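With compact mmCIF, C-alpha atoms and all ligand atoms inside, this is data26.txt:
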```
# COMPACT_ATOMS: atom_id res chain seq x y z
CA MET A 1 41.89 -43.27 -1.65
CA PHE A 2 43.79 -43.04 1.61
CA ASN A 3 42.65 -40.27 3.92
CA LEU A 4 44.58 -39.42 7.05
CA ILE A 5 43.81 -37.02 9.87
CA LEU A 6 47.11 -35.94 11.39
CA PHE A 7 45.94 -35.06 14.86
CA GLY A 8 47.51 -33.51 17.92
CA ALA A 9 47.76 -30.31 19.93
CA PRO A 10 49.31 -27.11 18.54
CA GLY A 11 53.07 -27.70 18.42
CA SER A 12 52.80 -31.50 18.34
CA GLY A 13 54.62 -31.67 14.98
CA LYS A 14 51.81 -31.97 12.42
CA GLY A 15 53.21 -29.23 10.19
CA THR A 16 56.71 -30.71 10.39
CA GLN A 17 55.67 -34.25 9.55
CA SER A 18 53.14 -33.39 6.81
CA PRO A 19 55.59 -32.56 3.97
CA MET A 20 57.48 -35.79 4.67
CA LEU A 21 54.24 -37.76 4.49
CA VAL A 22 53.20 -35.95 1.29
CA GLU A 23 56.46 -36.98 -0.32
CA LYS A 24 56.29 -40.60 0.80
CA TYR A 25 52.60 -41.29 0.17
CA GLY A 26 51.67 -38.77 -2.55
CA LEU A 27 48.78 -37.29 -0.61
CA VAL A 28 47.38 -33.76 -0.80
CA HIS A 29 48.07 -31.82 2.40
CA ILE A 30 45.37 -29.48 3.69
CA SER A 31 46.04 -27.36 6.77
CA THR A 32 43.11 -25.17 7.79
CA GLY A 33 45.48 -22.98 9.86
CA ASP A 34 47.58 -22.33 6.70
CA LEU A 35 44.41 -21.63 4.69
CA PHE A 36 43.25 -19.09 7.29
CA ARG A 37 46.68 -17.42 7.37
CA SER A 38 46.63 -17.11 3.58
CA GLU A 39 43.13 -15.56 3.70
CA ILE A 40 44.39 -13.09 6.34
CA LYS A 41 47.40 -12.21 4.20
CA ASN A 42 45.10 -11.53 1.25
CA GLN A 43 42.81 -9.48 3.51
CA THR A 44 39.68 -11.34 2.41
CA PRO A 45 36.43 -11.02 4.42
CA LEU A 46 36.87 -14.65 5.51
CA GLY A 47 40.39 -13.85 6.69
CA LEU A 48 39.24 -10.82 8.64
CA GLU A 49 36.56 -12.87 10.38
CA ALA A 50 38.94 -15.74 11.17
CA LYS A 51 41.60 -13.39 12.54
CA SER A 52 39.40 -12.19 15.38
CA TYR A 53 39.16 -15.77 16.69
CA MET A 54 42.74 -16.79 15.94
CA ASP A 55 44.10 -13.78 17.80
CA LYS A 56 42.45 -15.07 20.97
CA GLY A 57 43.44 -18.70 20.47
CA ALA A 58 39.79 -19.67 19.95
CA LEU A 59 38.29 -21.81 17.18
CA VAL A 60 36.91 -20.16 14.07
CA PRO A 61 33.17 -21.02 13.79
CA ASP A 62 32.32 -24.30 12.05
CA SER A 63 30.20 -22.58 9.40
CA VAL A 64 33.25 -20.65 8.15
CA THR A 65 35.79 -23.45 8.55
CA ILE A 66 33.79 -26.25 6.94
CA GLY A 67 32.95 -24.20 3.82
CA MET A 68 36.60 -23.22 3.35
CA LEU A 69 37.78 -26.82 3.75
CA ALA A 70 35.12 -28.14 1.36
CA SER A 71 36.12 -25.75 -1.41
CA LYS A 72 39.78 -26.74 -0.98
CA VAL A 73 38.91 -30.46 -1.23
CA GLU A 74 36.85 -29.78 -4.36
CA ARG A 75 39.90 -28.23 -6.02
CA HIS A 76 41.62 -31.65 -5.96
CA PRO A 77 39.19 -34.02 -7.71
CA ASP A 78 42.02 -36.36 -8.77
CA ALA A 79 43.70 -36.68 -5.37
CA THR A 80 44.56 -40.22 -4.31
CA GLY A 81 44.09 -39.12 -0.72
CA PHE A 82 44.42 -36.25 1.73
CA ILE A 83 46.28 -35.39 4.90
CA PHE A 84 43.98 -33.26 7.02
CA ASP A 85 46.10 -31.15 9.38
CA GLY A 86 44.31 -29.03 11.98
CA PHE A 87 40.93 -30.25 10.77
CA PRO A 88 38.54 -31.55 12.07
CA ARG A 89 38.64 -29.80 15.44
CA THR A 90 34.99 -30.26 16.44
CA VAL A 91 32.49 -33.09 16.14
CA ALA A 92 30.44 -31.03 13.65
CA GLN A 93 33.56 -30.81 11.49
CA CYS A 94 34.02 -34.62 11.74
CA GLU A 95 30.47 -35.18 10.55
CA ALA A 96 30.86 -32.72 7.68
CA LEU A 97 34.15 -34.31 6.63
CA ASP A 98 32.73 -37.84 6.72
CA GLN A 99 29.81 -36.72 4.58
CA MET A 100 32.10 -34.93 2.11
CA LEU A 101 34.26 -38.04 1.70
CA ALA A 102 31.24 -40.37 1.53
CA GLU A 103 30.04 -38.41 -1.50
CA LYS A 104 33.33 -39.42 -3.17
CA GLY A 105 32.85 -43.04 -2.09
CA ALA A 106 35.68 -42.57 0.43
CA ALA A 107 36.17 -42.22 4.18
CA ILE A 108 38.74 -41.36 6.81
CA ASP A 109 41.04 -44.36 7.04
CA LEU A 110 43.13 -43.29 10.01
CA LEU A 111 43.35 -40.62 12.69
CA LEU A 112 46.90 -40.49 13.91
CA GLU A 113 47.47 -38.54 17.11
CA LEU A 114 50.91 -37.15 17.97
CA GLU A 115 51.17 -37.25 21.76
CA VAL A 116 53.23 -34.50 23.39
CA ALA A 117 52.93 -33.16 26.96
CA ASP A 118 51.72 -29.57 27.45
CA ASP A 119 54.97 -28.25 28.97
CA ILE A 120 56.90 -29.45 25.91
CA LEU A 121 54.25 -27.96 23.59
CA LEU A 122 54.52 -24.59 25.32
CA GLY A 123 58.31 -24.59 24.91
CA ARG A 124 58.10 -25.62 21.24
CA LEU A 125 55.48 -22.97 20.39
CA LEU A 126 57.41 -20.16 22.09
CA LYS A 127 60.54 -21.25 20.22
CA ARG A 128 58.62 -21.29 16.92
CA GLY A 129 57.30 -17.82 17.78
CA GLU A 130 60.86 -16.46 17.86
CA THR A 131 61.27 -17.10 14.12
CA SER A 132 57.76 -17.44 12.64
CA GLN A 133 55.57 -14.45 11.88
CA ARG A 134 52.81 -16.03 13.95
CA SER A 135 51.59 -13.70 16.69
CA ASP A 136 49.63 -16.59 18.26
CA ASP A 137 52.99 -18.31 18.98
CA GLN A 138 54.46 -15.30 20.76
CA ASP A 139 52.10 -14.76 23.66
CA VAL A 140 51.96 -17.24 26.53
CA SER A 141 48.32 -16.50 27.34
CA ILE A 142 47.22 -17.08 23.72
CA ILE A 143 49.21 -20.34 23.60
CA LYS A 144 47.55 -21.44 26.85
CA ASN A 145 44.12 -20.66 25.38
CA ARG A 146 44.95 -22.75 22.31
CA LEU A 147 46.01 -25.68 24.47
CA GLN A 148 42.89 -25.33 26.61
CA THR A 149 40.70 -25.20 23.49
CA TYR A 150 42.43 -28.36 22.30
CA HIS A 151 41.81 -30.22 25.56
CA GLU A 152 38.24 -29.00 25.99
CA GLN A 153 36.91 -29.19 22.43
CA THR A 154 39.25 -30.84 19.98
CA THR A 155 40.04 -34.03 21.90
CA LEU A 156 36.41 -35.03 21.22
CA VAL A 157 37.51 -35.58 17.61
CA GLY A 158 39.90 -38.32 18.80
CA GLY A 159 37.01 -39.98 20.63
CA TYR A 160 34.77 -39.73 17.56
CA TYR A 161 37.22 -41.72 15.40
CA ALA A 162 38.19 -44.05 18.26
CA LYS A 163 34.56 -45.20 18.32
CA LEU A 164 34.93 -46.04 14.63
CA ASP A 165 38.13 -47.93 15.50
CA LYS A 166 40.22 -45.61 13.35
CA ALA A 167 42.29 -43.76 15.98
CA HIS A 168 45.94 -44.51 16.75
CA LYS A 169 48.40 -42.70 19.02
CA VAL A 170 52.09 -42.16 18.40
CA ASN A 171 54.70 -40.68 20.74
CA GLY A 172 55.43 -37.24 19.25
CA VAL A 173 58.57 -36.61 21.30
CA GLY A 174 61.95 -37.37 19.76
CA GLU A 175 63.97 -36.68 16.64
CA ILE A 176 61.89 -35.66 13.61
CA ASN A 177 62.92 -38.79 11.69
CA GLU A 178 62.23 -41.03 14.67
CA VAL A 179 58.66 -39.68 14.92
CA PHE A 180 58.27 -40.03 11.14
CA THR A 181 59.25 -43.71 11.33
CA ARG A 182 56.68 -44.29 14.09
CA ILE A 183 53.98 -42.64 11.98
CA CYS A 184 54.86 -44.64 8.85
CA LYS A 185 54.72 -47.90 10.79
CA VAL A 186 51.10 -47.19 11.75
CA ILE A 187 50.15 -46.02 8.25
CA ASN A 188 51.66 -49.12 6.70
CA THR A 189 49.58 -51.40 8.90
CA VAL A 190 46.36 -49.62 7.89
CA ASN A 191 47.14 -48.71 4.26
CA VAL A 192 47.67 -52.20 2.81
P1 LIG A 201 46.86 -24.05 13.49
O1 LIG A 201 47.77 -23.49 12.46
O2 LIG A 201 46.28 -25.39 13.09
O3 LIG A 201 47.46 -24.08 14.88
O4 LIG A 201 45.60 -23.07 13.57
C1 LIG A 201 45.75 -21.71 13.95
C2 LIG A 201 44.39 -21.17 14.35
O5 LIG A 201 43.49 -21.22 13.24
C3 LIG A 201 43.68 -21.92 15.46
O6 LIG A 201 44.10 -21.50 16.75
C4 LIG A 201 42.21 -21.57 15.19
O7 LIG A 201 41.93 -20.25 15.62
C5 LIG A 201 42.17 -21.55 13.67
N1 LIG A 201 41.82 -22.88 13.12
C6 LIG A 201 42.61 -23.70 12.36
N2 LIG A 201 41.96 -24.82 12.02
C7 LIG A 201 40.71 -24.72 12.56
C8 LIG A 201 39.58 -25.57 12.58
N3 LIG A 201 39.57 -26.76 11.99
N4 LIG A 201 38.45 -25.12 13.24
C9 LIG A 201 38.44 -23.92 13.83
N5 LIG A 201 39.48 -23.09 13.89
C10 LIG A 201 40.62 -23.47 13.25
```

Could you render the structure from this file as structure tokens?
Ligand code: AMP
Amino acid sequence: MFNLILFGAPGSGKGTQSPMLVEKYGLVHISTGDLFRSEIKNQTPLGLEAKSYMDKGALVPDSVTIGMLASKVERHPDATGFIFDGFPRTVAQCEALDQMLAEKGAAIDLLLELEVADDILLGRLLKRGETSQRSDDQDVSIIKNRLQTYHEQTTLVGGYYAKLDKAHKVNGVGEINEVFTRICKVINTVNV
């Protein structure tokens, strides 16, 4: 198996790069943000609970998020690997993910962080908000909360995998294909 965490702040390009990586490496893409949005669309109890946090730009509690992610992973018993996008976002989620993969005799092979400065992220998210249905991309104060949450809580995830010598950073600014090439270079050095 090859398991990748595509890491980076909201707007750093994870959702843009993921389909290209799926096609090249044949991995299963799991985005917890997409899963929550689908639960909200289907008006499930989980979706209703998640929405109250997402509307503020805060993290959905670990107990909800980890269970949802685990059941999605279980639906792909034959996967040759996963791209985790938007997960893990807390150290508790890292520990749960490591345990989940260990039970399959696997592990996270690489955390790849897309580095983009906050002012560029803000511009990208507002632009995305003009065309997406995402209300959390349309309000500057919600976007700022999401970026603050990222810097205060989620960056710890980078540190967690850096300690395991699995974290790499890539410049996330540039043409989509340019960034993709940078990402593939790192993957190819790890996934041999
Ligand atoms: P995203 O699409 O990854 O930007 O996620 C949108 C929102 O969903 C976030 O602002 C959080 O409220 C929630 N969310 C997504 N993934 C997670 C996660 N791993 N842990 C907690 N909340 C999450």

Residues within 8 Å of ligand LIG 201 (chain A) (only C-alpha atoms and all ligand atoms), as a compact mmCIF listing (two decimals) with C-alpha atoms, keeping the file's coordinate frame?
```
# COMPACT_ATOMS: atom_id res chain seq x y z
CA PRO A 10 49.31 -27.11 18.54
CA GLY A 11 53.07 -27.70 18.42
CA SER A 31 46.04 -27.36 6.77
CA THR A 32 43.11 -25.17 7.79
CA GLY A 33 45.48 -22.98 9.86
CA ASP A 34 47.58 -22.33 6.70
CA PHE A 36 43.25 -19.09 7.29
CA ARG A 37 46.68 -17.42 7.37
CA ALA A 50 38.94 -15.74 11.17
CA LYS A 51 41.60 -13.39 12.54
CA TYR A 53 39.16 -15.77 16.69
CA MET A 54 42.74 -16.79 15.94
CA ASP A 55 44.10 -13.78 17.80
CA LYS A 56 42.45 -15.07 20.97
CA GLY A 57 43.44 -18.70 20.47
CA ALA A 58 39.79 -19.67 19.95
CA LEU A 59 38.29 -21.81 17.18
CA VAL A 60 36.91 -20.16 14.07
CA PRO A 61 33.17 -21.02 13.79
CA ASP A 62 32.32 -24.30 12.05
CA THR A 65 35.79 -23.45 8.55
CA ILE A 66 33.79 -26.25 6.94
CA ASP A 85 46.10 -31.15 9.38
CA GLY A 86 44.31 -29.03 11.98
CA PHE A 87 40.93 -30.25 10.77
CA PRO A 88 38.54 -31.55 12.07
CA ARG A 89 38.64 -29.80 15.44
CA THR A 90 34.99 -30.26 16.44
CA GLN A 93 33.56 -30.81 11.49
CA ASP A 136 49.63 -16.59 18.26
CA ARG A 146 44.95 -22.75 22.31
```

Margin query: Need to verify the contact set: Lys185 in chain A, 12 Å, all atoms listed in the file, exclusion of same-chain residues closer than 6 positions in sequence. Can you return it as a list in words?
Written below: Leu21, Leu112, His168, Lys169, Val170, Glu178, Val179, Asn191 and Val192 of chain A

Next item on the list: Just the residues within 9 Å of range 160-165 of chain A, please, counting all atoms listed in the file, with nothing from its chain fewer than 4 positions along; format it as a VMD selection string.
Entry: chain A and resid 91 94 108 110 to 111 155 to 156

Item checked: Atomic distance CA of Val28 in chain A - CA of Cys184 in chain A, expressed in Å with one decimal -> 16.4 Å

Check: Distance CA of Glu74 in chain A-CA of Thr149 in chain A, one decimal place?
Finding: 28.5 Å
